[in-house]
Amino acid sequence: MGAATGEGDRETLEAVRSVVFKPSETLDEERFPRISGYDFNRGVDLMGLLRSMATTGFQASNLGDAIDVVNQMLDWRLSHEEPREDCDTEELNPAFRETVNCKIFLGFTSNLISSGIRETIRFLTQHRMVDVLVTTAGGIEEDLIKCLAPTYKGDFSFPGAYLRSKGLNRIGNLLVPNDNYCKFEDWIMPILDQMLLEQSTENVIWTPSKVIARLGKEINDDSSYLYWAYKNGIPVFCPALTDGSLGDMLYCHSVQKPGLLIDIVQDIRAMNGEAVHASPRKTGIIVLGGGLPKHHICNANMLRNGADYAVYINTAQEFDGSDSGAQPDEAVSWGKIKGSAKTIKVHCDATIAFPLLVAATFAQRLQEGTSTN
Amino acid sequence: MSDEEHHFESKADAGASKTFPQQAGTIRKNGYIVIKARPCKVVEVSTSKTGKHGHAKCHFVGIDIFTAKKLEDIVPSSHNCDVPHVTRTDYQLIDISEDGFVSLLTESGNTKDDLRLPTDENLLTQLIQDCGFGIQNMRIGPNLDLLYMKHAEIKDGFAEGKDLVVSVMSAMGEEQICALKDIGPK
């Protein structure tokens, strides 16, 4: 009796074991790296810390992957590819092929320019590390205003009515005094007068990107990313130029002095042209935040059958069907990103993720003296 | 220099400013304001407090007192605007010529002949109503000049011997008849 029960128990145990303890496949560590975080016993080493992101897990791993994708953008040369069938002789020249690199589109929302990410973007335009910028109106004016008066650190919890009574405007946990915008108005009105004059006497046709280049020229301050974008010939596109203080200025200016025209059709030609005529260069997308900048860049790349690299850094979610929250694979369905592209989305506030990304890629190369052009 | 020295200016060339400056923030509805060099009556004022759009601003909607056109302006509240001197003067109506010119008796006993009956239909209708002329039920054919008809009505009324006084509005070097009054016995 005892022996039979023992046999039954053992069988049951075996059955349970085989269900619960399914023998695992050995994981190939090439495809599935071991998780291992940074060891601070090595000291406080920025590059070491950044290199460890990829194996730390969760969004740190996504950031590590983003670093990898951006490095691929920066490393790629036409010489890595087989020559195209119908290319001209210059394109066959190896020395020329060595110089052809990836065209990088950088997009970001206005709040990031209100934040210290403005300095990171200024670094990138100062050293010609990106080819095309896309942002919203605030992304233009906040950069210019910071040359006239500073933005301050506040708190998300400051009560709105109290702030209004003190003439303080809140952007998240930042504060921008009304007086800053008054200074902006005083600075920009004469420039708008001049632009109107040039339109009527010199037949200048203004577009948002031309207006922005002019403002970058006028601010003439090397803390401004627009100044460097102007100086280095990097176009900045902003089809919704009126949706900010700039728009308020245009509105008030046009009541007194009507007639200024700003042509968005010419700019969509230019923006889409940047993508369409990029070949034989590959294209890469780096976009911080969602909204207009994200879509505008992806849409332009659709016209060249998709970008080759894409890095999204934003906190938006896809469950509501928003374009802001859409992951790179959704863009693949539209042809905005190639099916074969290297893509990653980092679910993180860009004020944390982007400086780290730039440190590990663009800035690191500058420090090493490696050319990124 | 004698402190008895008088400086005579002819009235016509007073050089007196046709406008005077006033801070935008103090101009109220039903006041007057110059917009794009036109004298206007203010029909709407709204202010935007200092903010993202810059300095505090006054938004004015004005009606040109001579052409009745709507004009808009946005002025920082601390800036000065020009306000026109608007005057109304009454003159006795002496005569109306065939082509609509009126002859008026000034206070000094001279005649003033440089004004015409207005050409604006609404204003003309108002003038006719002002001085109590009946608005006849005229059937106006498509080829008839309504302006001529209205001018004719005024002339007929005048010809009937009514005592008419003409109010002339004047601002920024422009004048226009703005009202007609019958001061005769009823």
# chains A, B, ... in the order shown; residues from 1 in each chain; ligands from 1
>>> residues_around(residues="Ile27 in chain B", least_positions_apart="3", cutoff="12 Å", atoms="only C-alpha atoms", output="PyMOL selection string")
chain B and resi 21-24+30-34+41-47+58-62+75+77-84
>>> residues_around(residues="Tyr230 in chain A", least_positions_apart="4", cutoff="7 Å", atoms="only C-alpha atoms", output="compact mmCIF listing (two decimals) with C-alpha atoms, in the first residue's frame")
# COMPACT_ATOMS: atom_id res chain seq x y z
CA ALA A 213 16.76 82.98 -40.83
CA GLY A 216 18.57 84.49 -36.42
CA LYS A 217 20.68 87.02 -38.27
CA LEU A 226 18.83 80.25 -34.51
CA ILE A 234 20.77 75.12 -41.64
>>> interface_residues(of="chain B", to="chain A", cutoff="7 Å", atoms="only C-alpha atoms", output="PyMOL selection string")
chain B and resi 50-55+73-74
>>> closest_residue(among="B:Met169, B:Leu123, B:Cys40, B:Leu164", to="Val102 in chain B", atoms="only C-alpha atoms")
B:Leu164
>>> select_by_dssp(residues="range 201-282 of chain A", states="alpha helix (DSSP H)", output="ChimeraX atom specification")
/A:201,208-219,225-231,245-256,264-276
>>> write_last_selection(atoms="C-alpha atoms", output="CSV table (one decimal), in the first residue's frame")
chain,number,residue,atom,x,y,z
A,201,THR,CA,10.4,97.5,-52.6
A,208,PRO,CA,8.5,81.0,-42.4
A,209,SER,CA,12.0,79.6,-42.9
A,210,LYS,CA,13.2,82.9,-44.4
A,211,VAL,CA,11.7,84.9,-41.6
A,212,ILE,CA,13.4,82.6,-39.1
A,213,ALA,CA,16.8,83.0,-40.8
A,214,ARG,CA,16.3,86.8,-40.7
A,215,LEU,CA,15.5,86.7,-37.0
A,216,GLY,CA,18.6,84.5,-36.4
A,217,LYS,CA,20.7,87.0,-38.3
A,218,GLU,CA,19.2,90.0,-36.4
A,219,ILE,CA,19.6,88.4,-32.9
A,225,TYR,CA,20.6,78.2,-31.8
A,226,LEU,CA,18.8,80.2,-34.5
A,227,TYR,CA,21.9,82.5,-34.9
A,228,TRP,CA,24.0,79.4,-35.5
A,229,ALA,CA,21.4,77.9,-37.8
A,230,TYR,CA,21.5,81.1,-39.9
A,231,LYS,CA,25.2,81.3,-39.8
A,245,SER,CA,4.0,85.1,-29.4
A,246,LEU,CA,5.4,85.6,-32.9
A,247,GLY,CA,1.8,85.3,-34.2
A,248,ASP,CA,0.6,87.9,-31.7
A,249,MET,CA,3.4,90.2,-33.0
A,250,LEU,CA,2.4,89.6,-36.6
A,251,TYR,CA,-1.3,90.3,-35.7
A,252,CYS,CA,-0.6,93.6,-33.9
A,253,HIS,CA,1.9,94.7,-36.5
A,254,SER,CA,-0.4,94.0,-39.4
A,255,VAL,CA,-3.2,96.1,-38.0
A,256,GLN,CA,-1.0,99.1,-38.0
A,264,ILE,CA,3.9,78.5,-46.6
A,265,VAL,CA,3.7,76.9,-50.0
A,266,GLN,CA,7.2,77.8,-50.9
A,267,ASP,CA,8.4,76.3,-47.6
A,268,ILE,CA,6.6,72.9,-48.1
A,269,ARG,CA,8.5,72.8,-51.4
A,270,ALA,CA,11.7,73.4,-49.6
A,271,MET,CA,11.1,71.0,-46.7
A,272,ASN,CA,9.9,68.1,-48.8
A,273,GLY,CA,12.7,68.9,-51.2
A,274,GLU,CA,15.2,68.3,-48.4
A,275,ALA,CA,13.9,64.7,-48.3
A,276,VAL,CA,13.2,64.1,-51.9
>>> residues_around(residues="range 48-61 of chain A", least_positions_apart="6", cutoff="8 Å", atoms="only C-alpha atoms", output="count of residues only")
11
>>> atom_distance(atom1="CA of Arg128 in chain A", atom2="CA of Cys87 in chain A")
27.2 Å
>>> residues_around(residues="range 150-157 of chain B", least_positions_apart="6", cutoff="7 Å", atoms="only C-alpha atoms", output="NGL selection string")
:B and (96 or 100 or 124 or 128 or 133)
>>> atom_distance(atom1="CA of Ala310 in chain A", atom2="CA of Gly139 in chain A")
21.2 Å
>>> atom_distance(atom1="CA of Leu93 in chain B", atom2="CA of Asp163 in chain B")
7.5 Å
>>> residues_around(residues="Thr67 in chain B", least_positions_apart="3", cutoff="10 Å", atoms="only C-alpha atoms", output="PyMOL selection string")
chain B and resi 38-40+63-64+70+120+176
>>> residues_around(residues="Pro159 in chain A", least_positions_apart="6", cutoff="12 Å", atoms="only C-alpha atoms", output="PDB file with all heavy atoms, in the first residue's frame")
ATOM      1  N   SER A 165      -1.457  87.591 -11.550  1.00  0.00           N
ATOM      2  CA  SER A 165      -1.444  88.892 -10.873  1.00  0.00           C
ATOM      3  C   SER A 165      -0.030  89.447 -10.752  1.00  0.00           C
ATOM      4  O   SER A 165       0.159  90.643 -10.599  1.00  0.00           O
ATOM      5  CB  SER A 165      -2.092  88.781  -9.492  1.00  0.00           C
ATOM      6  OG  SER A 165      -1.252  88.037  -8.619  1.00  0.00           O
ATOM      7  N   LYS A 166       0.954  88.549 -10.834  1.00  0.00           N
ATOM      8  CA  LYS A 166       2.349  88.985 -10.731  1.00  0.00           C
ATOM      9  C   LYS A 166       3.005  89.123 -12.098  1.00  0.00           C
ATOM     10  O   LYS A 166       4.210  89.373 -12.185  1.00  0.00           O
ATOM     11  CB  LYS A 166       3.167  87.981  -9.892  1.00  0.00           C
ATOM     12  CG  LYS A 166       2.726  87.875  -8.447  1.00  0.00           C
ATOM     13  CD  LYS A 166       2.998  89.156  -7.699  1.00  0.00           C
ATOM     14  CE  LYS A 166       2.473  89.059  -6.290  1.00  0.00           C
ATOM     15  NZ  LYS A 166       2.359  90.373  -5.654  1.00  0.00           N
ATOM     16  N   LEU A 168       3.539  86.746 -14.277  1.00  0.00           N
ATOM     17  CA  LEU A 168       4.436  85.626 -14.564  1.00  0.00           C
ATOM     18  C   LEU A 168       3.674  84.544 -15.323  1.00  0.00           C
ATOM     19  O   LEU A 168       2.604  84.129 -14.917  1.00  0.00           O
ATOM     20  CB  LEU A 168       4.984  85.032 -13.261  1.00  0.00           C
ATOM     21  CG  LEU A 168       5.870  85.962 -12.432  1.00  0.00           C
ATOM     22  CD1 LEU A 168       6.131  85.358 -11.055  1.00  0.00           C
ATOM     23  CD2 LEU A 168       7.194  86.208 -13.149  1.00  0.00           C
ATOM     24  N   ASN A 169       4.267  84.094 -16.455  1.00  0.00           N
ATOM     25  CA  ASN A 169       3.658  83.039 -17.248  1.00  0.00           C
ATOM     26  C   ASN A 169       4.360  81.727 -16.931  1.00  0.00           C
ATOM     27  O   ASN A 169       5.586  81.673 -16.883  1.00  0.00           O
ATOM     28  CB  ASN A 169       3.821  83.346 -18.733  1.00  0.00           C
ATOM     29  CG  ASN A 169       3.197  84.672 -19.112  1.00  0.00           C
ATOM     30  OD1 ASN A 169       1.990  84.850 -19.080  1.00  0.00           O
ATOM     31  ND2 ASN A 169       4.046  85.645 -19.452  1.00  0.00           N
ATOM     32  N   ARG A 170       3.560  80.669 -16.712  1.00  0.00           N
ATOM     33  CA  ARG A 170       4.167  79.390 -16.328  1.00  0.00           C
ATOM     34  C   ARG A 170       4.215  78.436 -17.518  1.00  0.00           C
ATOM     35  O   ARG A 170       3.230  78.233 -18.224  1.00  0.00           O
ATOM     36  CB  ARG A 170       3.374  78.763 -15.170  1.00  0.00           C
ATOM     37  CG  ARG A 170       3.912  77.422 -14.711  1.00  0.00           C
ATOM     38  CD  ARG A 170       3.268  76.961 -13.401  1.00  0.00           C
ATOM     39  NE  ARG A 170       1.893  76.551 -13.549  1.00  0.00           N
ATOM     40  CZ  ARG A 170       1.487  75.336 -13.917  1.00  0.00           C
ATOM     41  NH1 ARG A 170       2.374  74.415 -14.205  1.00  0.00           N
ATOM     42  NH2 ARG A 170       0.198  75.051 -14.008  1.00  0.00           N
ATOM     43  N   GLY A 172       5.115  74.722 -17.475  1.00  0.00           N
ATOM     44  CA  GLY A 172       5.503  73.584 -16.643  1.00  0.00           C
ATOM     45  C   GLY A 172       6.023  74.094 -15.311  1.00  0.00           C
ATOM     46  O   GLY A 172       5.302  74.755 -14.568  1.00  0.00           O
ATOM     47  N   ASN A 173       7.290  73.810 -15.008  1.00  0.00           N
ATOM     48  CA  ASN A 173       7.870  74.363 -13.785  1.00  0.00           C
ATOM     49  C   ASN A 173       8.872  75.477 -14.101  1.00  0.00           C
ATOM     50  O   ASN A 173       9.803  75.723 -13.327  1.00  0.00           O
ATOM     51  CB  ASN A 173       8.498  73.265 -12.910  1.00  0.00           C
ATOM     52  CG  ASN A 173       9.550  72.466 -13.664  1.00  0.00           C
ATOM     53  OD1 ASN A 173       9.828  72.722 -14.829  1.00  0.00           O
ATOM     54  ND2 ASN A 173      10.142  71.494 -12.983  1.00  0.00           N
TER      55      ASN A 173
END
>>> select_by_dssp(residues="range 192-306 of chain A", states="strand (DSSP E)", output="list in words")
Val236, Phe237, Thr283, Gly284, Ile285, Ile286, Val287 and Leu288 of chain A
>>> write_last_selection(atoms="C-alpha atoms", output="PDB file, in the first residue's frame")
ATOM      1  CA  VAL A 236      14.567  75.832 -39.825  1.00  0.00           C
ATOM      2  CA  PHE A 237      10.992  74.995 -40.849  1.00  0.00           C
ATOM      3  CA  THR A 283      18.151  60.155 -44.048  1.00  0.00           C
ATOM      4  CA  GLY A 284      17.784  59.997 -40.277  1.00  0.00           C
ATOM      5  CA  ILE A 285      15.027  61.341 -38.053  1.00  0.00           C
ATOM      6  CA  ILE A 286      15.584  62.498 -34.473  1.00  0.00           C
ATOM      7  CA  VAL A 287      12.424  63.915 -32.967  1.00  0.00           C
ATOM      8  CA  LEU A 288      11.864  65.146 -29.423  1.00  0.00           C
TER       9      LEU A 288
END
>>> residues_around(residues="Lys103 in chain A", least_positions_apart="3", cutoff="12 Å", atoms="only C-alpha atoms", output="PyMOL selection string")
chain A and resi 70+73-78+100+106+128-133+234+274-286+301+307-310+372-373
